[in-house]
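Report on one structure; see the data block that follows.
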Amino acid sequence: MNGEPSLRRPVRSYVLRGGRMGSGQVRALAELAPRFVLPFSQTPLDAAAVFGRRAPLVLEVGFGMGQATAAIARSRPDSDFLGIEVHEAGVGALLQRIEADGLSNLRVVRHDAVEVLRSMIAPASLAGVFVFFPDPWPKKRHWKRRLIQPAFAALVASRLAPGGVLHCATDWQPYADQILEVLSGEPALANTAAGYAPRPTYRPETKFERRGLALGHGVWDLVFTRT
């Protein structure tokens, strides 16, 4: 496709895993998915039609159980959020949070994030992309599975509007170093800091993160903008 970043995916950055879901997650999937989970599509998303308004659109890749996703959507009611997650339990958990918090500015797609970005997101249409604590794949033979690679950075940059933000966070320093190198090497992105950035106030600390910080573990935020 002309003008699109070349992005071949011989391997995935995740492994689909089974797992038990609580009754609340099962109920949320059955009752709330028709309203809040969007089917994967090969055509660009009409965000104004989905959310019933025109607002800045932020996409989060791999939201886990959705704690940070719901908190950010709740704190930023003037923006709309699209969360991407492949694991059913996480989708169910976030749907529970959407219901509990009465969130109307959050939708979910359960699909591979690279394919969502490529097919469902129009160029220069996003105000932000969040990638919080992606799997670091610490063993060297698995580094090829890491999500943040040059082709991914180019794809994200192509979907961000000028001035749009790519915010990554990790608690694995070797991966942080790689992310910094990759994003710094993408000509369409500019670092907002001289290296790593302070944690933006909109990104809440998770319980896992606070526990790690108490034990002396580090967390690295990287905040780049589309030039």
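Note on naming: chains are A, B, ... as they come in the structure tokens, residues start from 1 per chain, ligands start from 1 in the order shown.
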If you run DSSP over the backbone, which residues in stretch 9-143 of chain A end up helix (DSSP H, G or I)? Put them as a ChimeraX atom specification. /A:23-36,47-51,67-75,88-101,113-120,140-143
Just the selected residues (N, CA and C atoms), exported as a compact mmCIF listing (two decimals), in the first residue's frame, please.
```txt
# COMPACT_ATOMS: atom_id res chain seq x y z
N SER A 23 -17.16 -14.36 37.52
CA SER A 23 -18.53 -14.27 37.03
C SER A 23 -18.86 -12.85 36.58
N GLY A 24 -18.26 -11.86 37.24
CA GLY A 24 -18.51 -10.47 36.85
C GLY A 24 -17.95 -10.16 35.48
N GLN A 25 -16.76 -10.70 35.19
CA GLN A 25 -16.18 -10.48 33.87
C GLN A 25 -17.00 -11.17 32.78
N VAL A 26 -17.45 -12.39 33.08
CA VAL A 26 -18.28 -13.12 32.13
C VAL A 26 -19.57 -12.34 31.84
N ARG A 27 -20.20 -11.84 32.89
CA ARG A 27 -21.44 -11.07 32.71
C ARG A 27 -21.18 -9.80 31.92
N ALA A 28 -20.07 -9.12 32.24
CA ALA A 28 -19.76 -7.87 31.53
C ALA A 28 -19.55 -8.12 30.05
N LEU A 29 -18.86 -9.21 29.70
CA LEU A 29 -18.66 -9.53 28.29
C LEU A 29 -19.99 -9.79 27.60
N ALA A 30 -20.87 -10.52 28.27
CA ALA A 30 -22.15 -10.86 27.66
C ALA A 30 -23.05 -9.64 27.51
N GLU A 31 -23.07 -8.77 28.53
CA GLU A 31 -24.05 -7.69 28.55
C GLU A 31 -23.52 -6.38 27.97
N LEU A 32 -22.23 -6.12 28.12
CA LEU A 32 -21.69 -4.81 27.76
C LEU A 32 -20.91 -4.80 26.46
N ALA A 33 -20.39 -5.95 26.03
CA ALA A 33 -19.60 -5.99 24.81
C ALA A 33 -20.36 -5.45 23.60
N PRO A 34 -21.65 -5.77 23.43
CA PRO A 34 -22.33 -5.23 22.25
C PRO A 34 -22.30 -3.71 22.16
N ARG A 35 -22.20 -3.05 23.29
CA ARG A 35 -22.17 -1.58 23.28
C ARG A 35 -20.76 -1.01 23.23
N PHE A 36 -19.83 -1.64 23.94
CA PHE A 36 -18.52 -1.02 24.13
C PHE A 36 -17.37 -1.71 23.40
N ALA A 47 -14.75 7.66 14.31
CA ALA A 47 -14.80 7.91 15.75
C ALA A 47 -15.97 8.81 16.12
N ALA A 48 -16.29 9.77 15.28
CA ALA A 48 -17.40 10.67 15.59
C ALA A 48 -18.72 9.89 15.67
N ALA A 49 -18.89 8.91 14.80
CA ALA A 49 -20.11 8.10 14.83
C ALA A 49 -20.12 7.18 16.05
N VAL A 50 -18.96 6.62 16.39
CA VAL A 50 -18.88 5.69 17.52
C VAL A 50 -19.17 6.41 18.84
N PHE A 51 -18.56 7.58 19.03
CA PHE A 51 -18.68 8.28 20.30
C PHE A 51 -19.78 9.35 20.31
N GLN A 67 -7.02 -0.90 34.68
CA GLN A 67 -7.08 0.08 35.77
C GLN A 67 -6.68 1.48 35.30
N ALA A 68 -5.51 1.58 34.67
CA ALA A 68 -5.03 2.89 34.22
C ALA A 68 -5.92 3.45 33.13
N THR A 69 -6.38 2.58 32.24
CA THR A 69 -7.22 3.02 31.12
C THR A 69 -8.48 3.71 31.63
N ALA A 70 -9.18 3.08 32.55
CA ALA A 70 -10.40 3.66 33.09
C ALA A 70 -10.11 4.94 33.86
N ALA A 71 -9.02 4.94 34.63
CA ALA A 71 -8.70 6.13 35.42
C ALA A 71 -8.41 7.33 34.51
N ILE A 72 -7.66 7.11 33.42
CA ILE A 72 -7.34 8.21 32.52
C ILE A 72 -8.59 8.69 31.80
N ALA A 73 -9.42 7.75 31.32
CA ALA A 73 -10.66 8.16 30.64
C ALA A 73 -11.57 8.94 31.58
N ARG A 74 -11.60 8.54 32.83
CA ARG A 74 -12.43 9.24 33.82
C ARG A 74 -11.91 10.66 34.08
N SER A 75 -10.60 10.81 34.08
CA SER A 75 -10.00 12.11 34.39
C SER A 75 -9.95 13.06 33.19
N GLU A 88 -9.14 -11.95 26.87
CA GLU A 88 -10.56 -11.82 27.18
C GLU A 88 -10.80 -11.36 28.61
N ALA A 89 -10.01 -11.88 29.56
CA ALA A 89 -10.20 -11.49 30.96
C ALA A 89 -10.00 -10.00 31.15
N GLY A 90 -8.99 -9.43 30.49
CA GLY A 90 -8.75 -8.01 30.60
C GLY A 90 -9.87 -7.18 30.01
N VAL A 91 -10.40 -7.64 28.88
CA VAL A 91 -11.53 -6.94 28.28
C VAL A 91 -12.73 -6.96 29.23
N GLY A 92 -13.00 -8.13 29.81
CA GLY A 92 -14.10 -8.22 30.76
C GLY A 92 -13.91 -7.31 31.95
N ALA A 93 -12.68 -7.25 32.46
CA ALA A 93 -12.41 -6.40 33.62
C ALA A 93 -12.60 -4.93 33.29
N LEU A 94 -12.15 -4.51 32.11
CA LEU A 94 -12.32 -3.10 31.75
C LEU A 94 -13.80 -2.78 31.53
N LEU A 95 -14.55 -3.70 30.96
CA LEU A 95 -15.98 -3.46 30.80
C LEU A 95 -16.66 -3.25 32.15
N GLN A 96 -16.23 -4.00 33.15
CA GLN A 96 -16.77 -3.79 34.50
C GLN A 96 -16.48 -2.37 34.98
N ARG A 97 -15.27 -1.88 34.72
CA ARG A 97 -14.89 -0.53 35.14
C ARG A 97 -15.68 0.52 34.37
N ILE A 98 -15.90 0.28 33.08
CA ILE A 98 -16.69 1.22 32.29
C ILE A 98 -18.09 1.36 32.89
N GLU A 99 -18.67 0.24 33.25
CA GLU A 99 -20.01 0.25 33.84
C GLU A 99 -20.01 0.94 35.21
N ALA A 100 -19.04 0.57 36.05
CA ALA A 100 -19.01 1.11 37.41
C ALA A 100 -18.79 2.62 37.41
N ASP A 101 -17.96 3.10 36.48
CA ASP A 101 -17.62 4.53 36.44
C ASP A 101 -18.52 5.32 35.51
N ALA A 113 -2.95 -5.19 18.03
CA ALA A 113 -2.87 -3.73 17.97
C ALA A 113 -2.25 -3.24 16.67
N VAL A 114 -1.26 -3.96 16.16
CA VAL A 114 -0.64 -3.54 14.90
C VAL A 114 -1.66 -3.56 13.77
N GLU A 115 -2.48 -4.60 13.72
CA GLU A 115 -3.50 -4.68 12.68
C GLU A 115 -4.57 -3.62 12.87
N VAL A 116 -4.91 -3.31 14.11
CA VAL A 116 -5.86 -2.23 14.37
C VAL A 116 -5.31 -0.90 13.88
N LEU A 117 -4.07 -0.61 14.24
CA LEU A 117 -3.45 0.65 13.81
C LEU A 117 -3.39 0.74 12.29
N ARG A 118 -3.03 -0.35 11.67
CA ARG A 118 -2.86 -0.34 10.21
C ARG A 118 -4.19 -0.19 9.48
N SER A 119 -5.23 -0.90 9.95
CA SER A 119 -6.48 -0.98 9.19
C SER A 119 -7.59 -0.06 9.69
N MET A 120 -7.69 0.13 11.01
CA MET A 120 -8.83 0.84 11.57
C MET A 120 -8.55 2.30 11.90
N LYS A 140 17.27 -12.77 25.44
CA LYS A 140 17.73 -12.20 24.18
C LYS A 140 17.11 -12.89 22.98
N ARG A 141 16.88 -14.18 23.06
CA ARG A 141 16.33 -14.88 21.90
C ARG A 141 14.88 -14.47 21.63
N HIS A 142 14.25 -13.78 22.60
CA HIS A 142 12.88 -13.33 22.44
C HIS A 142 12.77 -11.85 22.11
N TRP A 143 13.89 -11.14 22.00
CA TRP A 143 13.82 -9.70 21.76
C TRP A 143 13.04 -9.36 20.50
```
Contacts of A:Gly195 at 10 Å (only C-alpha atoms; same-chain gap of 6+ positions) as a list in words: Asp177, Leu180, Glu181, Ser184, Trp220, Asp221, Leu222 and Val223 of chain A
Quick check, in Å to one decimal: how far apart do atom CA of A:His111 and atom CA of A:Gly52 lie?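 Between atom CA of A:His111 and atom CA of A:Gly52 the gap works out to 23.0 Å.
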From A:Gln173, A:Ser104, A:Ser125, A:Ser41, residue lying nearest A:Leu160 [only C-alpha atoms]: A:Ser125
Calculated over only C-alpha atoms, which of the candidates A:Met65, A:Ala151, A:Ala194, A:Ala157 has the smallest distance to A:Ala122? A:Ala157
A:Ala188 surroundings by only C-alpha atoms, 12 Å radius, close-in-sequence under 3 positions cut, as a list in words: Ala124, Pro150, Ala153, Ala154, Leu155, Val156, Ala157, Ser158, Arg159, Leu160, Ala161, Pro162, Gly163, Gly164, Val165, Leu166, Val182, Leu183, Ser184, Gly185, Asn191, Phe224, Thr225, Arg226 and Thr227 of chain A
Could you check how far atom CA of A:Phe132 sits from atom CA of A:Arg76, in Å to one decimal?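 Those two atoms sit 17.4 Å apart.
Going from atom CA of A:Ala197 over to atom CA of A:Val219, you cover 10.4 Å.
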Spatial neighbours of A:Pro174, max dist 10 Å, only C-alpha atoms, sep filter under 4 positions, as a list of chain:residue names: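 Once the adjacent positions are removed, what remains is A:Pro136, A:Pro138, A:Thr170, A:Gln178, A:Ile179, A:Leu180.
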Save out the residues we just selected, N, CA and C atoms, as a PDB file, in the first residue's frame.
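Saved file part_14.pdb follows:
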```pdb
ATOM      1  N   PRO A 136       8.362  -7.181  28.320  1.00  0.00           N
ATOM      2  CA  PRO A 136       9.760  -6.857  27.975  1.00  0.00           C
ATOM      3  C   PRO A 136      10.502  -7.981  27.271  1.00  0.00           C
ATOM      4  N   PRO A 138      12.472 -10.523  28.255  1.00  0.00           N
ATOM      5  CA  PRO A 138      13.846 -10.267  28.712  1.00  0.00           C
ATOM      6  C   PRO A 138      14.921 -11.156  28.099  1.00  0.00           C
ATOM      7  N   THR A 170       7.873   1.595  31.007  1.00  0.00           N
ATOM      8  CA  THR A 170       8.327   0.238  31.285  1.00  0.00           C
ATOM      9  C   THR A 170       9.089   0.211  32.598  1.00  0.00           C
ATOM     10  N   GLN A 178      16.151   0.310  24.869  1.00  0.00           N
ATOM     11  CA  GLN A 178      15.830   0.002  23.477  1.00  0.00           C
ATOM     12  C   GLN A 178      14.732   0.929  22.958  1.00  0.00           C
ATOM     13  N   ILE A 179      13.699   1.136  23.776  1.00  0.00           N
ATOM     14  CA  ILE A 179      12.606   2.011  23.353  1.00  0.00           C
ATOM     15  C   ILE A 179      13.134   3.412  23.060  1.00  0.00           C
ATOM     16  N   LEU A 180      13.986   3.912  23.943  1.00  0.00           N
ATOM     17  CA  LEU A 180      14.548   5.247  23.744  1.00  0.00           C
ATOM     18  C   LEU A 180      15.324   5.307  22.432  1.00  0.00           C
TER      19      LEU A 180
END
```
As a PyMOL selection string, list the residues of stretch 58-169 of chain A assigned to strand (DSSP E) by DSSP on the backbone atoms of this structure. chain A and resi 58-61+80-84+106-109+126-132+160-169
